[in-house]
Structures are given as C-alpha cells and as structure tokens.
Amino acid sequence: MPALMRRGAVATAAALVTALAAACAPGGSSDKPADKAPAAVSTDVAGAGNVTLTVWDQEVQGGMKEQIETLNKRFEAKYPNVKINRVSRSFSDLQKTLRLALSGGNPPDVVEANQGYAAMAQFVKAGMLLPLDSYDQVYGWKKRFPKGLMDLNSVTDDGKLIGSGKLYGVSLNGEIVGLYYNKEKLAKLGIQPPKTWAEFEQALATAKNKGEVPVAFGNVEKLPAMQLYGLLQDGLTDKESVRKLVFGSGGSWSDGPNVQAAQRLSDWAKKGYLTKNANSIKWDDTPVNFAKGDGVFMFGGTWWAPDLNDRMKEKVGFMLPPASQAGAPVATMGGESLPWSITAKTKHPDVAAAYINFITSPEAMDVAVETGSLPVLPAPSKQPSAPLMKEVLTAWTELSKNDGTTPYIDYATPTFTDAFGGPLQELVAGKKSAEAVMKAAQDDYTAFQKKK
Amino acid sequence: MTTVARHKTARKRSEPADTRAAGRPGGRYGGRPPGEPRAIGWLYVLPALLVYGGFLLWPLIRGAQFSLYDWDGLGTAEWAGLSNYTSTWTDPALRGAFGHLLVLIVFYSVFPCCIAFVLVGAMSRTKIRGLVFFRTVLFLPQVIAMVAVAVAWRWVYSEDGPINTVLGWLHSAGLPDWRHGWLGDFTFALPAVGLVGTWVGIGLALVLFLAGVQKIPRELYEAARIDGAGAVREFLTVTLPALRRELAVALTLTTIMAIRNFDLIYMATEGGPGDATKVPAYEVYNRTFNTGEVGLGCAIGVTLAVLAFAVTAGIGRLVEGKDA
Amino acid sequence: MNPRGERIFNHALLAVFAVIAVFPMIGVVTQALKLPDDVDFSSFGTAWREGHFATYLRNSLIVTACTVVIAAILSIMAGYALGAMRFRGASALFLVFLAGLTIPTEAVVVPLYFDLRSMGLDNTYAGLILPQVAMSVAFGTFWMRAYFRSIPPSLLEAARIDGASSWTTLWRVLVPIGRPAILTMLLLTTMWTWNEFLLPLVIINSDEALRTAPLGLSFFQGTHKTDYSLLMAGALIIAAPIVIVYVFLQRQFIAGMLSGAIKE
C-alpha cells in the first residue's frame, strides 16, 4: 500500500499543480453597498407586503430575552404583514457564527454586530453592512442619541477608523461593567461597599482571611480577564488615553500604568483573591456561582443584572467600580449594547430600518425598564422597581453625566482576544509576568496598526 | 425480460469488437463481457469520479491555492507566495500547535499501542473466553460521536466530576489536595485531552492485537515453551514479530486520529487555556473563521493533509520494514 | 503463575479495561438519569424539547441516508469497474481514489465552504451530502474494488455465457452475493456521516432548522454550559442510534474499520 500511495500522491500532486495554474484568485470584489438617497427611503411598513425579517440577536438571558420578545410581538402586532424570524444564540456562539453567516449567500436581515475592529469594522470594510445615514435622516436617530454613542457605531468605509465615517447600527440597551456585591456577606464581614481601590484591596484581604472567595471570576473565554484588566486600567490611567489606545490613535500597551494594571491583576491572582481554577470556569457560570454564595464581589456587566435580580433579590448590590481617590470621577467600560445593524444583502432594507427604529424608540426604552433591563436612553414613562435595577440606573446616570465610559479592550484588534486574552489567562494562572503579557498585547497591536 | 432482450441485440451488433478484444490478454479475470465497449469501465467510474473530484480533490486544490494568498475571507485576496507556510513555523502560537500535536500523537498512538501490547503479551498464552463481548465493549469508544465523547469527558474533568471527587476523598484522608480544574489548567489541559485519545485508542489497539494473536499458530508458543522461554522472551520472539502488521495499522489509525482532532478540542477546550491545547486541526477553523486569516488556515490544512499522507505511507514502511 | 491463575488474571485485566472503556458512558447515563438518588427521565424530555433534537435527528437521518445510498451506488459501480474490468487508466484512477483515503476534512473544509457558498449550497442538505459522498466514495471504491477482485473469475465467465451484460451481472449477480462486504461499507459510511461535526459546523452556519445532531449538541452545550444532567441526556440522544446499530452488528463494524487499512 505505501508504494501505491506514493505513486498516487505523485499523480495527484501533478494534477494539483496543473489545476492551480488555471485557477483564479479567491475572493470577490469588495463592492460597497450603495447608500440610498433619503428621499428613496420608504417608512410605509404596512404597505411593504408580506415580509419575513430574519433577526439574529444574542439576548438569551432572562430579562433581555423577555425584552426583545415583547418588542418583536409588538412590532408584529403593529404590522401584521411582517413576521419576525428570531434567531438567538449566546454572545460567544454569535461571535463564532456571524462572520460565516454574513459572508454566506443568504444572510439574516438584521443582526447584532459587535462594535470594534474585530467585528463591525471588518464587516463594513467587506461591504456586508448597510450604511444607515439616510435612514438616520428620516428617523432622526442622531437627534435622539448622544454623539458619543453614535460614534461607537460608526466606522469609515475602509474599516480603518471607528468613531467617524458612516453610521452602521443603533443600540437598544445601555451597559457598563461595574461591581456587584453580596450585601449579606459584606454585612457579615463588617465591611462597607468600597469607595476607592485602596478600600477595595482591604475588603479583599478581609474576605480572604475570613475564608470567603473575594472575587467571583470565571475565565474560560479569555474575555472576562480582558474586562477585569480594563477596569483596573481605568482605575490607573485616564479615560482619554484608554480611548486613544483602543481605537488606535496613540499610546502603547506597555506604558507604565497599563503594565501596573496587569501587575495588580497578577497580585490578586497570587493572593488568592480570584475564584480558584478561574480559567476552567465559564463566564456565564460566574453569576450563577456568585448567586450561590461563591464570591463576595463580582465584576460584571449590567447585562447580568436582570438575571441576578431574579436569583438574589435584595441580597445583591451594584455600584460603579471604586475610584482612584475618594470623590474622584470614575471611568469604566461600557456604553451601549451590541448595535442592531442591517445586512447589505437584505431584500427588505426599509422594513429592517423601521424595525430597528421601533426597537430603539422611546416606547422600547419603556419596555426595557419593564423587563428589568437598562435602556440606553432614559425611559420616558417607566421607572425600575427592583432595588438592584435602581442601583444600576443610578450608576449608569452618574457615568453618563461624567462622560465616563471607555471602550472594551477587545475592540482593539481582530485577534486581540487570543493575543492578549490568552496571555492574561497565563497571568491569572501565575505563568507569565505582567511585563510579558503587556508585551504580547503590544506586539499584536503593532502588527495590526501596521497592516491597517 | 425486455432488458435482457435489449442487451442481446446490442451484443450482436458489436460482435466484431468483441472478437478483437478476445485476442488480447484479457483482464485479470477476463471480466469484460463481450459486447461491452472498452471505455465502459470509465462510464462506471465516472459518477463516482465526478463527485469525488468535484467535492474532495477540487477543494484540496483550491485549498492549496488559497494558501498562497493573504485573504480575510471577506474582501479581495493578495498574493502571498509561501509566506503562510513559513508562518506555520515562525508564528509561535502555530509552532506551539504543531508541538502539541506531537505530544498528542504520543497520547493517542504510542500509549495505546504500548499498553495494548503489554496486555496482549500477557494474554497471548491463554485462550480468551467471551472474546466477542470484550471486543465489543473495548471497541465501543470508536463508534461514539467525538462530540458526545467530549461532553462526557468534560464532565469527568469538571470541578465536581468523578476525578476531583475521588481526589477530594484522598485529600480528606490526609493526602495533599490534588484537585484541579483540569481542562482549564495550563499544565494539565493538554495531557487531559491526550488521555481522552488514549482512552479511545486502547480499545482499537487491543482489538487489533487480540485478533492478530489468535491467528498465531499455537505450535509456535508450544515450541517456545519447550525451549523454556518465559513470558518475556516468548513475547519478543513469537508475539511481537507476528503482530508487526497489526501494529502498523494501529499506529496509522491512531496517529491519523490525533491529526484530525478538531471535534474534541472545539467542544472541550477551544484551544485554551491560553494556547495550551491549540492544535493544527483547530487552528484551521480558528484562523479561517474567527480571526479571518483564510490563507493561513488553508496552509495549515494542506500541511495536515501532507502529514496524514506521510504518516500513512511512512508508518507501514517503518514498522513492516518493507513496501507492503 | 500456573495456567489457571494466568487465565483468571488475563480475564480480570480485560475486565478492568472494559470497565475503563465504558466508564464515561456509565457516567453519562447516571448523570442523565440523576442516579443514584433518583430515576428521573425528565432530563431527556427537557433536552429533547429545548435542544430541538427531534429536528436535528431528522436532519441527520436525511443527510446520512442520502449520503450513504448515493455513495454506495457510486462506490459499487466504480469498484466494479476498477476491480473486475480492465481498461486504460484503471490503475491510475484507483490511485487517485486511494489518495483520497488520507485527505482529512480539515484540509478541504475551508475551500469547500467558500465554493459551496458561491454555488448557493451553504445551508442546504446538498451542501452536506455532496462532500460527504465524495469522502465516502474514496473509501467505498477502495473497499468494493477489493471485493470485486476477490470474485472467482468463473462466476463472471458464467454470467457472460448466460448473456448477461456487465450491468446485469453487477446488480443481479455480484451485488446479491456481495452483501456482507456492502453491509460493512454501509455501516462505516453511516457512522462517519452521522458523527461528522466540522463540515456541518461550517456549512450549516445560519439555518438552525438544518442542524445535524452533533452540531445541535454543540450549540446545546453553548446554552447549557454546566447543566451536566441535560448535556449528558443530549449526548446520549445523539450517540444512541449508532451505538445501537453497533451493538447488533459489531462484527461488521470492527472488521471494516480494522481491515480498511490492512487490505491491499
């Protein structure tokens, strides 16, 4: 058999070479979808005939799921000729499949495409998303939303600069990464919710000494450590330099404060402040464990709040991360949830735009509050009732007032989750120094900037 | 009936061609019935060849072609020459992935074969009762979807899984605490994945070797015993040489399994923690669809195809010492 | 050790390894049924409903049946030509098929995705069936050729004297007596197609209603994380069809998988 196979290989190889010479280069043209003139936009959904709109979202958890289901139902009730085909999957499953689906022959009509250079910017560059500027002129989104939030969903045509260029999505929910704490445990330990990082460090030490898990943490996906790092970075440097760094207009990951942030994370891991074996615990299990009592504190996004509220009721509290000094304004990651975008190949762009307008309308903000989520804009007529949701809203309002949101770290490069998140896992496991981790991040960053 | 009649007329019409062919040294079995034109063989092969060529060979060619470009899978591609292939060595993450593959080959292939050999060596001196039963059970891991196997082993390795439970008992009995989050641990994740491969492979190797041993003439063993050979010498002089062919097959199949290790990694670790369990098969997918390096993904794929081929051709030669 | 002790020792050894081989499966069953505290089949119901396994099993069944039948017909024909006929280029053709035996899915899945997509075959049954027929045909042709070569020449001679054409000979004479070889081929291609994961993962990327069973389990794991009772139920559901067939026809399975590489 081996002899036969070798001869087969030679024959096959010869055929391969011949065919290769004849084949043409992969990849089609990267034509940009044309931007419709505002006058050509039709807002007449009812007159659009029978339309099925396929919508991909990542709202699989409790309140978020209820929120979008309610909105879809109301939209369908308003326009009986439109059927929403909702496809939902977890955030990480969506990240894995969206790229494939968007480039496929029959992509969905509306998708939640994550901001940043890893997702939205690449899709825009490849002409897979529809620019929404003319729809904006009709629906007036830019008048409803503050500029900072619109900028996060804007990219230049070539995908090289986030924050300028055309608008590619509108968000429904606000989100920030903050600090959850177990009120019962704090009371038992005799500590107050920490106002500064120094107080927080002390609280961690106390919790550790009393045999508690100070910080609930699960990090299989690598993203959680990047968020934790981002929070620490926000506490050690100013928000402007973080924004510049992530969006690629200055600074280096190996700058002093950025290394210090990694050092602090490393110290926490060494002192046993984080859940043991964090690298083998899934991100979405972290709030489940926290609710079970494994952890005094937990850093996490407001997207967990509805679920935690169900599980823990009045036992859980939420606050902005500690400040560098008492009373100083706080910055943290967040801004708005994944924006709703229209795919370039959709057959019903006008209906899709009307749908996006509907689910980001003032009415939708009310629905968000009712279902226990955080709306990106103040809800006109509803107030949250659950204590946790009130705290979330307070934190969000305070942060918006100070213009304190910084972008998520993983926006920085398309490969950052592996290139920085991987080394961060090693840092958490005590296998890599802060300097080495930040050097790895900077190397990937430099390579991407050069390619851009 | 009509079919037969139709064939009969056809035969008559092409009579001369048939006589011509009959004069030649016919096929090995003279398989070609009279009346069928020579090219009919091609007609029979054609449908299979079309599908095979179109959906396996052609993609392979396209893969080789893609591997020469720098392409994100979305926009236009740029010629990159062989740089994607050099990347498989210069990119530390990819070099690591190929290194992990070597480790996994030891776990998937060498371990099962060694263990199975020792077992069979011990057993070759007696007849096995209930062989069919043992064979069925031992071979079972081979037929279960790897996706399901991965789910089962994720539980085995989980925080509260059986391994940690037993280690917990040992700990409370005074031993050190050996519990770990196995699949999330930089030191243990790769061996943990490897052990799954060992588990799958042992049955295959055992079944192969048991079948081989049953074929060895009893007289050889009796002769060896009359010569006063102990178990070890008997194994070395009788069992081992007789099983060379089976060994080659077992090594080949299990090594190919190690090379095509996508399902388990995707389901159990996604290459983590860090890059600790990244393997080339996973990187084909990861680079192409997650990080948008399609050319590089294809280059890894082509490298894997070459590796698989070399292994199939090479092991047989090495173990059997000749071209089979 | 005396012979009797040796025999007991050997059987004990085999038993130990048999237990190791089924150990995770026992875990699967106990977790899915929540044993030993309880005998609870509710996990299966929940997994069945939430995992949409009815749909996914049906998809797997359709894809597997089509793949296996088409591949079997094509392989029998090609194997017949290459094994029992002599024609120009036959040996070169055989080598080309043989080379296909070692091509890993990983090497072709990326270009397959892009090319099927441009043909509009992504997210279709055809997009799953055609490539898997191609993979199965490489093995099938090789396997059937070996069978047709083993047929005594006298049999072909007799058919010819009876006036049967090559087509009639194949389907009326050779296929019926070749049932054991064909059965083995059917079983193996069934198993490979049913268990295939990478191809559906890439090809069925947006239409959830077309997911195959293994793909369904993967997304089920994505949503249920560490609810092992549900996950194990899901794993059992997708593995069961092949395992059941295997238990009844283990001889053919094992013979096929082991000799596939030995023959020639």
# chains A, B, ... in the order shown; residues from 1 in each chain; ligands from 1
$ residues_around --residues "region 116-128 of chain C" --least-positions-apart "2" --cutoff "7 Å" --atoms "only C-alpha atoms" --output "VMD selection string"
(chain A and resid 104 to 105) or (chain C and resid 63 112 to 114 130 to 132 200 203 to 207)
$ interface_residues --of "chain C" --to "chain B" --cutoff "6 Å" --atoms "only C-alpha atoms" --output "PDB file with N, CA and C atoms, in the first residue's frame"
ATOM      1  N   ASN C  10      -5.721 -12.815  33.294  1.00  0.00           N
ATOM      2  CA  ASN C  10      -5.963 -12.214  31.979  1.00  0.00           C
ATOM      3  C   ASN C  10      -7.375 -11.697  31.839  1.00  0.00           C
ATOM      4  N   ALA C  18     -12.267  -3.128  30.059  1.00  0.00           N
ATOM      5  CA  ALA C  18     -13.645  -2.988  29.578  1.00  0.00           C
ATOM      6  C   ALA C  18     -14.381  -1.960  30.423  1.00  0.00           C
ATOM      7  N   ALA C  21     -13.324   1.399  29.466  1.00  0.00           N
ATOM      8  CA  ALA C  21     -13.891   1.803  28.181  1.00  0.00           C
ATOM      9  C   ALA C  21     -15.313   2.317  28.320  1.00  0.00           C
ATOM     10  N   PRO C  24     -16.920   6.419  31.196  1.00  0.00           N
ATOM     11  CA  PRO C  24     -17.578   7.712  30.957  1.00  0.00           C
ATOM     12  C   PRO C  24     -19.025   7.545  30.501  1.00  0.00           C
ATOM     13  N   LEU C  74     -22.511   4.663  -6.141  1.00  0.00           N
ATOM     14  CA  LEU C  74     -21.347   5.120  -6.903  1.00  0.00           C
ATOM     15  C   LEU C  74     -20.129   4.239  -6.625  1.00  0.00           C
ATOM     16  N   MET C  77     -20.373   0.797  -8.333  1.00  0.00           N
ATOM     17  CA  MET C  77     -20.091   0.898  -9.764  1.00  0.00           C
ATOM     18  C   MET C  77     -18.604   1.100 -10.019  1.00  0.00           C
ATOM     19  N   ALA C  78     -18.018   2.061  -9.300  1.00  0.00           N
ATOM     20  CA  ALA C  78     -16.604   2.356  -9.534  1.00  0.00           C
ATOM     21  C   ALA C  78     -15.738   1.174  -9.115  1.00  0.00           C
ATOM     22  N   ALA C  81     -15.851  -1.541 -11.769  1.00  0.00           N
ATOM     23  CA  ALA C  81     -15.030  -1.255 -12.934  1.00  0.00           C
ATOM     24  C   ALA C  81     -13.554  -1.459 -12.610  1.00  0.00           C
ATOM     25  N   ALA C  84     -13.019  -5.483 -11.523  1.00  0.00           N
ATOM     26  CA  ALA C  84     -13.343  -6.615 -12.378  1.00  0.00           C
ATOM     27  C   ALA C  84     -13.168  -6.332 -13.866  1.00  0.00           C
ATOM     28  N   MET C  85     -12.850  -5.098 -14.213  1.00  0.00           N
ATOM     29  CA  MET C  85     -12.650  -4.806 -15.637  1.00  0.00           C
ATOM     30  C   MET C  85     -11.226  -4.340 -15.830  1.00  0.00           C
ATOM     31  N   ARG C  86     -10.827  -4.362 -17.079  1.00  0.00           N
ATOM     32  CA  ARG C  86      -9.506  -3.842 -17.377  1.00  0.00           C
ATOM     33  C   ARG C  86      -9.665  -2.804 -18.442  1.00  0.00           C
ATOM     34  N   THR C 102      -6.716   9.448   2.657  1.00  0.00           N
ATOM     35  CA  THR C 102      -5.987  10.112   3.740  1.00  0.00           C
ATOM     36  C   THR C 102      -6.303  11.599   3.830  1.00  0.00           C
ATOM     37  N   ILE C 103      -7.122  12.134   2.931  1.00  0.00           N
ATOM     38  CA  ILE C 103      -7.375  13.578   2.979  1.00  0.00           C
ATOM     39  C   ILE C 103      -8.256  13.899   4.179  1.00  0.00           C
ATOM     40  N   PRO C 104      -7.732  14.647   5.156  1.00  0.00           N
ATOM     41  CA  PRO C 104      -8.554  14.980   6.322  1.00  0.00           C
ATOM     42  C   PRO C 104      -9.557  16.092   5.978  1.00  0.00           C
ATOM     43  N   GLU C 106     -10.250  18.584   7.577  1.00  0.00           N
ATOM     44  CA  GLU C 106      -9.675  19.882   7.886  1.00  0.00           C
ATOM     45  C   GLU C 106      -9.002  20.519   6.678  1.00  0.00           C
ATOM     46  N   ALA C 107      -8.496  19.672   5.764  1.00  0.00           N
ATOM     47  CA  ALA C 107      -7.751  20.219   4.628  1.00  0.00           C
ATOM     48  C   ALA C 107      -8.681  20.775   3.558  1.00  0.00           C
ATOM     49  N   VAL C 108      -9.928  20.324   3.537  1.00  0.00           N
ATOM     50  CA  VAL C 108     -10.817  20.753   2.453  1.00  0.00           C
ATOM     51  C   VAL C 108     -11.985  21.609   2.923  1.00  0.00           C
ATOM     52  N   PRO C 111     -11.935  25.653   1.732  1.00  0.00           N
ATOM     53  CA  PRO C 111     -12.313  25.899   0.341  1.00  0.00           C
ATOM     54  C   PRO C 111     -13.713  25.384   0.023  1.00  0.00           C
ATOM     55  N   LEU C 112     -14.102  24.266   0.605  1.00  0.00           N
ATOM     56  CA  LEU C 112     -15.459  23.760   0.385  1.00  0.00           C
ATOM     57  C   LEU C 112     -16.483  24.812   0.769  1.00  0.00           C
ATOM     58  N   PRO C 131     -20.267  16.713  -0.353  1.00  0.00           N
ATOM     59  CA  PRO C 131     -18.896  16.490   0.120  1.00  0.00           C
ATOM     60  C   PRO C 131     -18.741  15.171   0.874  1.00  0.00           C
ATOM     61  N   ALA C 134     -18.458  12.391  -1.473  1.00  0.00           N
ATOM     62  CA  ALA C 134     -17.100  12.362  -2.019  1.00  0.00           C
ATOM     63  C   ALA C 134     -16.145  11.645  -1.070  1.00  0.00           C
ATOM     64  N   PRO C 153     -13.123 -15.799 -11.057  1.00  0.00           N
ATOM     65  CA  PRO C 153     -13.329 -15.475 -12.469  1.00  0.00           C
ATOM     66  C   PRO C 153     -14.424 -16.340 -13.080  1.00  0.00           C
ATOM     67  N   ARG C 160     -21.323 -14.263 -18.167  1.00  0.00           N
ATOM     68  CA  ARG C 160     -21.145 -13.811 -19.529  1.00  0.00           C
ATOM     69  C   ARG C 160     -21.740 -14.822 -20.513  1.00  0.00           C
ATOM     70  N   ASN C 195     -21.592  10.956  12.546  1.00  0.00           N
ATOM     71  CA  ASN C 195     -20.738  11.582  13.553  1.00  0.00           C
ATOM     72  C   ASN C 195     -20.014  12.836  13.070  1.00  0.00           C
ATOM     73  N   ALA C 235     -26.148  14.210  24.860  1.00  0.00           N
ATOM     74  CA  ALA C 235     -25.091  13.371  24.296  1.00  0.00           C
ATOM     75  C   ALA C 235     -25.604  11.961  24.030  1.00  0.00           C
ATOM     76  N   ALA C 239     -25.795   9.988  20.388  1.00  0.00           N
ATOM     77  CA  ALA C 239     -24.905   8.847  20.194  1.00  0.00           C
ATOM     78  C   ALA C 239     -25.680   7.537  20.044  1.00  0.00           C
TER      79      ALA C 239
END
$ select_by_dssp --residues "region 77-321 of chain B" --states "alpha helix (DSSP H)" --output "PyMOL selection string"
chain B and resi 83-90+92-105+111-123+131-143+146-157+162-172+189-215+218-226+231-234+240-242+244-259+262-268+280-285+294-320
$ closest_residue --among "A:Val60, A:Ile356, A:Ala447, A:Leu130" --to "chain C" --atoms "only C-alpha atoms"
A:Val60
$ residues_around --residues "Leu186 (chain C)" --least-positions-apart "2" --cutoff "9 Å" --atoms "only C-alpha atoms" --output "short mmCIF file (atom, residue, chain, number, x, y, z; two decimals) with C-alpha atoms, in the first residue's frame"
data_model
loop_
_atom_site.label_atom_id
_atom_site.label_comp_id
_atom_site.auth_asym_id
_atom_site.auth_seq_id
_atom_site.Cartn_x
_atom_site.Cartn_y
_atom_site.Cartn_z
CA VAL C 68 -24.87 6.51 2.30
CA VAL C 69 -27.17 5.39 -0.50
CA ALA C 71 -22.11 6.81 -2.04
CA ALA C 72 -22.89 3.08 -2.02
CA GLY C 140 -16.15 2.82 -0.80
CA ALA C 181 -18.94 -6.52 2.06
CA ILE C 182 -21.60 -3.99 1.11
CA LEU C 183 -23.15 -4.09 4.57
CA THR C 184 -19.80 -3.27 6.15
CA LEU C 188 -18.98 2.57 8.19
CA THR C 189 -20.20 5.37 5.95
CA THR C 190 -23.32 5.65 8.11
CA MET C 191 -21.18 6.04 11.21
#
$ closest_residue --among "B:Gly96, B:Pro241, B:Gly274, B:Gly168" --to "chain A" --atoms "only C-alpha atoms"
B:Gly274
$ atom_distance --atom1 "CA of Ala12 (chain C)" --atom2 "CA of Thr198 (chain B)"
20.2 Å
$ residues_around --residues "Trp304 (chain A)" --least-positions-apart "5" --cutoff "10 Å" --atoms "only C-alpha atoms" --output "PyMOL selection string"
chain A and resi 61-64+175+177+180+284+287-288+309+373
$ residues_around --residues "Met333 (chain A)" --least-positions-apart "3" --cutoff "12 Å" --atoms "only C-alpha atoms" --output "ChimeraX atom specification"
/A:174-179,226-235,239,242-243,246,299-302,320-321,330,336-337,396,399-400,403-411
$ write_last_selection --atoms "C-alpha atoms" --output "PDB file, in the first residue's frame"
ATOM      1  CA  GLY A 174     -27.057  50.757  27.898  1.00  0.00           C
ATOM      2  CA  GLU A 175     -24.354  48.755  29.539  1.00  0.00           C
ATOM      3  CA  ILE A 176     -21.477  49.269  31.875  1.00  0.00           C
ATOM      4  CA  VAL A 177     -19.146  46.921  33.641  1.00  0.00           C
ATOM      5  CA  GLY A 178     -19.353  47.545  37.349  1.00  0.00           C
ATOM      6  CA  LEU A 179     -19.061  45.901  40.716  1.00  0.00           C
ATOM      7  CA  MET A 226      -9.780  41.392  29.490  1.00  0.00           C
ATOM      8  CA  GLN A 227     -12.731  43.146  31.101  1.00  0.00           C
ATOM      9  CA  LEU A 228     -11.204  42.813  34.549  1.00  0.00           C
ATOM     10  CA  TYR A 229      -7.961  44.181  33.184  1.00  0.00           C
ATOM     11  CA  GLY A 230      -9.849  47.056  31.563  1.00  0.00           C
ATOM     12  CA  LEU A 231     -11.437  48.004  34.875  1.00  0.00           C
ATOM     13  CA  LEU A 232      -8.090  48.023  36.623  1.00  0.00           C
ATOM     14  CA  GLN A 233      -6.632  50.039  33.755  1.00  0.00           C
ATOM     15  CA  ASP A 234      -9.454  52.571  34.070  1.00  0.00           C
ATOM     16  CA  GLY A 235      -8.541  52.946  37.713  1.00  0.00           C
ATOM     17  CA  LYS A 239     -10.140  57.673  30.184  1.00  0.00           C
ATOM     18  CA  VAL A 242      -7.649  54.380  27.119  1.00  0.00           C
ATOM     19  CA  ARG A 243      -9.946  55.570  24.339  1.00  0.00           C
ATOM     20  CA  VAL A 246      -8.115  51.089  21.977  1.00  0.00           C
ATOM     21  CA  PHE A 299     -17.122  42.453  38.374  1.00  0.00           C
ATOM     22  CA  GLY A 300     -19.634  42.186  35.605  1.00  0.00           C
ATOM     23  CA  GLY A 301     -21.788  43.918  33.067  1.00  0.00           C
ATOM     24  CA  THR A 302     -25.225  45.330  33.666  1.00  0.00           C
ATOM     25  CA  LEU A 320     -19.554  51.721  39.763  1.00  0.00           C
ATOM     26  CA  PRO A 321     -16.002  50.424  40.228  1.00  0.00           C
ATOM     27  CA  VAL A 330     -14.946  57.066  37.833  1.00  0.00           C
ATOM     28  CA  GLU A 336     -24.211  50.655  24.707  1.00  0.00           C
ATOM     29  CA  SER A 337     -25.149  47.094  23.933  1.00  0.00           C
ATOM     30  CA  TRP A 396     -25.443  54.476  34.590  1.00  0.00           C
ATOM     31  CA  LEU A 399     -21.363  57.623  34.498  1.00  0.00           C
ATOM     32  CA  SER A 400     -23.174  59.277  31.591  1.00  0.00           C
ATOM     33  CA  ASP A 403     -18.834  61.007  30.262  1.00  0.00           C
ATOM     34  CA  GLY A 404     -17.015  58.146  31.928  1.00  0.00           C
ATOM     35  CA  THR A 405     -17.369  55.238  29.501  1.00  0.00           C
ATOM     36  CA  THR A 406     -14.310  53.669  27.951  1.00  0.00           C
ATOM     37  CA  PRO A 407     -14.354  51.167  25.077  1.00  0.00           C
ATOM     38  CA  TYR A 408     -13.981  47.438  25.613  1.00  0.00           C
ATOM     39  CA  ILE A 409     -10.409  46.254  25.250  1.00  0.00           C
ATOM     40  CA  ASP A 410     -11.248  43.577  22.673  1.00  0.00           C
ATOM     41  CA  TYR A 411     -12.213  46.260  20.138  1.00  0.00           C
TER      42      TYR A 411
END
$ closest_residue --among "B:Leu210, B:Leu236, B:Ala258, B:Ala268" --to "chain A" --atoms "only C-alpha atoms"
B:Ala268
$ atom_distance --atom1 "CA of His180 (chain B)" --atom2 "CA of Val196 (chain B)"
16.9 Å
$ atom_distance --atom1 "CA of Asn258 (chain A)" --atom2 "CA of Ala331 (chain A)"
14.9 Å
$ decode --residues "region 62-152 of chain C" --atoms "C-alpha atoms" --output "short mmCIF file (atom, residue, chain, number, x, y, z; two decimals), in the first residue's frame"
data_model
loop_
_atom_site.label_atom_id
_atom_site.label_comp_id
_atom_site.auth_asym_id
_atom_site.auth_seq_id
_atom_site.Cartn_x
_atom_site.Cartn_y
_atom_site.Cartn_z
CA ILE C 62 -31.91 12.58 5.93
CA VAL C 63 -28.29 13.58 5.36
CA THR C 64 -26.93 10.20 6.41
CA ALA C 65 -29.42 8.18 4.37
CA CYS C 66 -28.85 10.20 1.20
CA THR C 67 -25.09 10.22 1.62
CA VAL C 68 -24.87 6.51 2.30
CA VAL C 69 -27.17 5.39 -0.50
CA ILE C 70 -25.63 7.63 -3.15
CA ALA C 71 -22.11 6.81 -2.04
CA ALA C 72 -22.89 3.08 -2.02
CA ILE C 73 -24.25 3.08 -5.58
CA LEU C 74 -21.35 5.12 -6.90
CA SER C 75 -18.77 3.06 -4.99
CA ILE C 76 -20.21 -0.25 -6.16
CA MET C 77 -20.09 0.90 -9.76
CA ALA C 78 -16.60 2.36 -9.53
CA GLY C 79 -15.29 -0.57 -7.50
CA TYR C 80 -16.74 -2.98 -10.05
CA ALA C 81 -15.03 -1.25 -12.93
CA LEU C 82 -11.71 -1.00 -11.13
CA GLY C 83 -11.84 -4.48 -9.65
CA ALA C 84 -13.34 -6.61 -12.38
CA MET C 85 -12.65 -4.81 -15.64
CA ARG C 86 -9.51 -3.84 -17.38
CA PHE C 87 -9.29 -0.58 -19.21
CA ARG C 88 -6.79 2.11 -19.96
CA GLY C 89 -6.09 4.30 -16.96
CA ALA C 90 -7.71 1.95 -14.48
CA SER C 91 -4.74 1.71 -12.16
CA ALA C 92 -4.10 5.44 -12.25
CA LEU C 93 -7.77 6.02 -11.40
CA PHE C 94 -7.53 3.65 -8.49
CA LEU C 95 -4.52 5.52 -7.13
CA VAL C 96 -6.40 8.79 -7.33
CA PHE C 97 -9.21 7.30 -5.24
CA LEU C 98 -6.71 5.78 -2.84
CA ALA C 99 -5.10 9.15 -2.23
CA GLY C 100 -8.50 10.38 -1.08
CA LEU C 101 -8.46 7.97 1.86
CA THR C 102 -5.99 10.11 3.74
CA ILE C 103 -7.37 13.58 2.98
CA PRO C 104 -8.55 14.98 6.32
CA THR C 105 -11.74 17.07 6.39
CA GLU C 106 -9.67 19.88 7.89
CA ALA C 107 -7.75 20.22 4.63
CA VAL C 108 -10.82 20.75 2.45
CA VAL C 109 -13.41 22.32 4.70
CA VAL C 110 -12.35 25.92 4.16
CA PRO C 111 -12.31 25.90 0.34
CA LEU C 112 -15.46 23.76 0.38
CA TYR C 113 -17.21 26.42 2.38
CA PHE C 114 -16.28 29.24 0.03
CA ASP C 115 -17.04 27.27 -3.13
CA LEU C 116 -20.33 25.83 -1.89
CA ARG C 117 -21.31 29.29 -0.82
CA SER C 118 -20.74 30.72 -4.27
CA MET C 119 -22.89 27.88 -5.65
CA GLY C 120 -25.59 28.73 -3.14
CA LEU C 121 -25.20 25.36 -1.45
CA ASP C 122 -24.34 26.58 2.03
CA ASN C 123 -27.15 25.94 4.49
CA THR C 124 -28.64 23.20 2.32
CA TYR C 125 -28.81 19.43 2.66
CA ALA C 126 -26.95 19.14 -0.65
CA GLY C 127 -24.07 21.12 0.78
CA LEU C 128 -23.69 18.47 3.46
CA ILE C 129 -24.42 15.44 1.31
CA LEU C 130 -22.21 16.01 -1.72
CA PRO C 131 -18.90 16.49 0.12
CA GLN C 132 -19.65 13.54 2.37
CA VAL C 133 -20.50 11.37 -0.63
CA ALA C 134 -17.10 12.36 -2.02
CA MET C 135 -15.34 11.32 1.20
CA SER C 136 -17.31 8.09 1.41
CA VAL C 137 -16.69 7.24 -2.22
CA ALA C 138 -12.92 7.30 -1.69
CA PHE C 139 -13.25 4.56 0.90
CA GLY C 140 -16.15 2.82 -0.80
CA THR C 141 -14.43 2.45 -4.14
CA PHE C 142 -11.34 1.11 -2.45
CA TRP C 143 -13.40 -1.30 -0.37
CA MET C 144 -15.65 -2.54 -3.19
CA ARG C 145 -12.72 -2.93 -5.55
CA ALA C 146 -11.15 -5.32 -3.08
CA TYR C 147 -14.39 -7.27 -3.00
CA PHE C 148 -14.76 -7.46 -6.77
CA ARG C 149 -11.18 -8.59 -7.13
CA SER C 150 -11.91 -11.49 -4.81
CA ILE C 151 -14.71 -12.80 -7.02
CA PRO C 152 -13.81 -16.05 -8.72
#
